[in-house]
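Encoded as structure tokens, the structure appears first; notes follow it.
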Amino acid sequence: MCVIAWHWLPGEPRLLSLWANRDEWFRRPSQSLSAWPERPTWVGGRDLQAHGSWLLIDTDAGRLAALTNVRDARPEGASHSAPSRGSLVANVLEAGQVNLADLEPEKYAGLNLLLIDWREGIGRILTNRCGANAGGGVVLRSFGYGPGSLSNGHPDTPWPKQQRLLSALEGARFLADEAWIHAGWRALSDRWVDPARSFARPEAGRPSERALAAVFVDTAGYGTRQSSLLQVDAQGRITLRERTWHRDPAPDRCTRDQGSEVDEGGSNTGGRASEVVWNG
């Protein structure tokens with residue numbers, strides 16, 4: 001994922017709410033939301049190039065793991081020297097904890113790794129870029145109930161896109177399910193960028209910083225591939241929705257070639273998508 005916002009508060013009708021977008025190169029193959037055949041209680045998408053994941057749920061244990069890339073590192077695919085960050089999602093989900101000795105996070109390109117165990121009340125965030133430069137160290141921290149968000153920087157320096165998404169999620173906190181779902185899809189398709197912000201000139205072969213500053217990223221070769229809505233209710237029932245975006249020949253259009261197609265109507269993407277829903 002490249003932007004995640006969540007609200008975790010026992011005692012509310014939605015014990016856990018999470019909205020997230022995964023940004024990736026369009027050429028990188030991936031599989032949409034489904035149960036993993038070798039681990040039937042695991043539900044999430046899968047990177048078919050390195051076989052990791054960006055958002056994965058253990059429906060039996062009641063926990064999730066998710067990943068964002070840190071922007072100061074080179075984009076995934078630019079270097080083959082580091083192992084795929086997506087493998088850490090499955091490793092942490094299986095262990096139910098973040099063990100630094102086992103994970104060796106310093107070997108990986110820049111990342112933020114999120115673990116939420118809503119049954120045991122465990123929240124962890126691991127980042128291997130604790131400074132402003134690509135050589136920063138590893139930090140593991142615990143967090144508790146309440147709102148939170150991650151994007152492409154250090155957890156202590158929330159970016160405007162993640163603040164904007166978290167604000168939308170908090171604003172939808174008391175909505176009924178249908179309105180909450182609609183609000184989530186609209187928030188995750190948000191392309192707004194502050195016109196007063198200035199951005200550095202992009203490096204060769206990388207998307208512009210202005211394009212990457214939106215919640216929904218859409219450039220020629222890189223952009224939002226998956227959008228996810230997760231809710232866990234007070235009884236522990238899980239509903240995970242995912243939309244997977246592909247390019248249309250027409251500019252500024254996105255489609256998906258599986259599942260039931262839906263029209264976004266007034267969304268900022270101006271395109272169409274289809275949706276996979278998992279209930280458990």
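Labeling convention for the structure tokens: chains A, B, ... as they appear, residues from 1 per chain, ligands from 1 in order of appearance.
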- Message: Would you pick out the contacts of A:Leu88 at 8 Å or less, using only C-alpha atoms, so that residues sharing its chain but fewer than 4 positions from it are not included, and give the list as a ChimeraX atom specification?
- Response: /A:52,92,103,113
Near stretch 235-238 of chain A, 10 Å: stretch 17-80 of chain A residue rows, closest pairs, only C-alpha atoms, as a tab-separated table:
residue	atom	partner	partner_atom	distance
A:Ile57	CA	A:Ile238	CA	9.6
A:Thr59	CA	A:Ile238	CA	7.6
A:Gly62	CA	A:Gly236	CA	7.9
Would you write out those residues with N, CA and C atoms, as a short mmCIF file (atom, residue, chain, number, x, y, z; two decimals), in the first residue's frame?
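Result file follows (part-v2.cif):
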data_model
loop_
_atom_site.label_atom_id
_atom_site.label_comp_id
_atom_site.auth_asym_id
_atom_site.auth_seq_id
_atom_site.Cartn_x
_atom_site.Cartn_y
_atom_site.Cartn_z
N ILE A 57 -4.95 -10.45 5.57
CA ILE A 57 -5.71 -10.67 6.80
C ILE A 57 -5.72 -12.14 7.13
N THR A 59 -8.04 -14.36 8.89
CA THR A 59 -9.42 -14.29 9.37
C THR A 59 -9.65 -15.16 10.59
N GLY A 62 -7.65 -13.13 13.55
CA GLY A 62 -8.13 -11.79 13.80
C GLY A 62 -7.02 -10.76 13.77
#
- Nearby residues (only C-alpha atoms) at most 12 Å from stretch 118-121 of chain A, same-chain spacing under 5 positions excluded, as a PyMOL selection string: chain A and resi 7-10+14-17+57-65+96-97+142-146+231-238
- Message: Please compute the atom CA of A:Arg85-atom CA of A:Ala35 distance, one decimal, in Å.
- Response: 20.5 Å
- Query: Near A:Ala5, within 10 Å and counting only C-alpha atoms, which residues show up once chain neighbours fewer than 6 positions away are dropped, as a PyMOL selection string?
  - Reply: chain A and resi 17-21+147-151+162-170
Who sits within 12 Å of stretch 127-131 of chain A, only C-alpha atoms, same chain under 5 positions skipped, as a compact mmCIF listing (two decimals) with N, CA and C atoms, in the first residue's frame:
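Result went into selection.txt, see below:
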# COMPACT_ATOMS: atom_id res chain seq x y z
N LEU A 67 1.64 -2.93 4.22
CA LEU A 67 2.94 -2.36 3.91
C LEU A 67 2.79 -1.10 3.08
N THR A 68 3.59 -0.08 3.38
CA THR A 68 3.77 1.05 2.46
C THR A 68 5.26 1.18 2.16
N ASN A 69 5.56 1.61 0.95
CA ASN A 69 6.95 1.89 0.58
C ASN A 69 7.33 3.29 1.05
N VAL A 70 8.57 3.47 1.46
CA VAL A 70 9.06 4.79 1.86
C VAL A 70 9.67 5.46 0.64
N ARG A 71 9.26 6.69 0.37
CA ARG A 71 9.58 7.38 -0.87
C ARG A 71 11.06 7.63 -1.07
N ASP A 72 11.86 7.71 0.00
CA ASP A 72 13.27 8.03 -0.22
C ASP A 72 14.05 6.85 -0.79
N ALA A 73 13.40 5.69 -0.85
CA ALA A 73 14.04 4.54 -1.49
C ALA A 73 13.68 4.52 -2.97
N ARG A 85 9.83 -6.40 -0.46
CA ARG A 85 9.24 -5.99 0.82
C ARG A 85 7.95 -6.72 1.12
N LEU A 88 7.51 -9.55 3.78
CA LEU A 88 7.41 -9.26 5.20
C LEU A 88 5.97 -9.29 5.69
N VAL A 98 6.22 -8.66 15.45
CA VAL A 98 7.29 -8.12 14.62
C VAL A 98 8.61 -8.41 15.33
N LEU A 100 12.43 -8.35 15.06
CA LEU A 100 13.47 -7.72 14.24
C LEU A 100 14.57 -8.69 13.85
N LEU A 103 13.19 -10.79 10.96
CA LEU A 103 12.82 -10.09 9.74
C LEU A 103 14.01 -9.44 9.04
N GLU A 104 15.02 -9.03 9.79
CA GLU A 104 16.18 -8.32 9.23
C GLU A 104 15.75 -7.18 8.31
N PRO A 105 15.00 -6.22 8.84
CA PRO A 105 14.43 -5.17 8.00
C PRO A 105 15.46 -4.28 7.31
N GLU A 106 16.68 -4.24 7.84
CA GLU A 106 17.70 -3.39 7.22
C GLU A 106 18.08 -3.87 5.82
N LYS A 107 17.74 -5.10 5.47
CA LYS A 107 18.08 -5.63 4.15
C LYS A 107 17.18 -5.08 3.05
N TYR A 108 16.05 -4.51 3.44
CA TYR A 108 15.02 -4.15 2.47
C TYR A 108 15.09 -2.67 2.09
N ALA A 109 14.53 -2.36 0.95
CA ALA A 109 14.33 -0.97 0.59
C ALA A 109 13.35 -0.34 1.58
N GLY A 110 13.21 0.99 1.53
CA GLY A 110 12.44 1.71 2.54
C GLY A 110 11.01 1.25 2.66
N LEU A 111 10.55 1.08 3.91
CA LEU A 111 9.20 0.55 4.15
C LEU A 111 8.67 0.98 5.50
N ASN A 112 7.33 0.97 5.59
CA ASN A 112 6.59 0.98 6.83
C ASN A 112 5.74 -0.28 6.86
N LEU A 113 5.83 -1.03 7.95
CA LEU A 113 5.11 -2.29 8.08
C LEU A 113 4.12 -2.17 9.24
N LEU A 114 2.86 -2.46 8.97
CA LEU A 114 1.79 -2.32 9.95
C LEU A 114 1.25 -3.68 10.36
N LEU A 115 1.09 -3.90 11.67
CA LEU A 115 0.45 -5.10 12.20
C LEU A 115 -0.64 -4.67 13.18
N GLY A 136 18.58 5.84 6.94
CA GLY A 136 18.06 5.86 8.30
C GLY A 136 17.97 4.47 8.90
N GLY A 137 17.85 4.44 10.24
CA GLY A 137 17.84 3.17 10.95
C GLY A 137 16.45 2.60 11.14
N VAL A 138 16.37 1.51 11.91
CA VAL A 138 15.14 0.75 12.12
C VAL A 138 14.48 1.20 13.41
N VAL A 139 13.18 1.42 13.36
CA VAL A 139 12.40 1.78 14.55
C VAL A 139 11.16 0.90 14.59
N LEU A 140 10.90 0.28 15.74
CA LEU A 140 9.69 -0.50 15.98
C LEU A 140 8.94 0.14 17.13
N ARG A 141 7.69 0.42 16.93
CA ARG A 141 6.90 1.04 17.98
C ARG A 141 5.54 0.34 18.13
N SER A 142 4.98 0.48 19.32
CA SER A 142 3.64 -0.02 19.60
C SER A 142 2.66 1.14 19.54
N LEU A 150 -0.61 5.85 7.63
CA LEU A 150 0.74 5.69 7.11
C LEU A 150 0.74 6.04 5.63
N SER A 151 1.88 6.54 5.16
CA SER A 151 2.04 6.74 3.73
C SER A 151 3.49 6.44 3.37
N ASN A 152 4.12 7.32 2.60
CA ASN A 152 5.44 7.03 2.06
C ASN A 152 6.58 7.71 2.81
N GLY A 153 6.32 8.20 4.01
CA GLY A 153 7.35 8.80 4.83
C GLY A 153 7.41 8.16 6.20
N HIS A 154 8.23 8.72 7.07
CA HIS A 154 8.32 8.22 8.44
C HIS A 154 6.98 8.42 9.15
N PRO A 155 6.58 7.51 10.04
CA PRO A 155 5.29 7.65 10.73
C PRO A 155 5.12 8.95 11.49
N ASP A 156 6.21 9.59 11.91
CA ASP A 156 6.12 10.85 12.66
C ASP A 156 5.95 12.07 11.76
N THR A 157 6.03 11.88 10.46
CA THR A 157 5.89 13.01 9.53
C THR A 157 4.75 12.70 8.56
- Message: Residues of stretch 118-206 of chain A classed as helix (DSSP H, G or I) by DSSP on the backbone are to be reported as a PyMOL selection string.
- Response: chain A and resi 160-171+177-188
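When atom CA of A:Ser227 is paired with atom CA of A:Pro195, their separation reads 24.6 Å.
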- Task: List the neighbours of A:Leu55 out to 9 Å using only C-alpha atoms; skip same-chain residues closer than 3 positions along the sequence, and give me the result as a ChimeraX atom specification.
- Result: /A:1,20,22,43-46,64-67,86,89,228
- Query: Between atom CA of A:Ile125 and atom CA of A:Arg243, what is the spacing in Å?
  - Reply: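 Atom CA of A:Ile125 lies at a distance of 25.3 Å from atom CA of A:Arg243.
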- Message: Between A:Asn99, A:Val215, A:Ala179, A:Trp185, which residue has the minimum interatomic distance to A:Ala273, considering only C-alpha atoms?
- Response: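 Smallest distance to A:Ala273 is found for A:Trp185.
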- Restricting the calculation to only C-alpha atoms, which member of A:Trp278, A:Trp159, A:Tyr222, A:Phe216 is positioned closest to A:Thr239? A:Trp278
- Query: Could you name the residues that touch A:Ala214 at 7 Å or less, counting only C-alpha atoms, but leaving out those on the same chain fewer than 5 positions away, as a PyMOL selection string?
  - Reply: chain A and resi 161+190-193
Since we have the selection now, will you write its residues out, keeping C-alpha atoms, as a short mmCIF file (atom, residue, chain, number, x, y, z; two decimals), in the first residue's frame?
data_model
loop_
_atom_site.label_atom_id
_atom_site.label_comp_id
_atom_site.auth_asym_id
_atom_site.auth_seq_id
_atom_site.Cartn_x
_atom_site.Cartn_y
_atom_site.Cartn_z
CA LYS A 161 -2.45 12.78 1.45
CA ASP A 190 -9.29 11.62 -4.55
CA ARG A 191 -6.77 13.28 -6.90
CA TRP A 192 -6.65 16.65 -5.15
CA VAL A 193 -3.23 18.22 -4.59
#
- Item | strand (DSSP E or B) residues, from DSSP on the backbone, in stretch 31-184 of chain A, as a count of residues only | 48
- Message: Nearest residue to A:Arg28 out of A:Ser87, A:Arg124, A:Gly221, A:Thr41, using only C-alpha atoms?
- Response: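 Closest to A:Arg28 of all the choices is A:Gly221.
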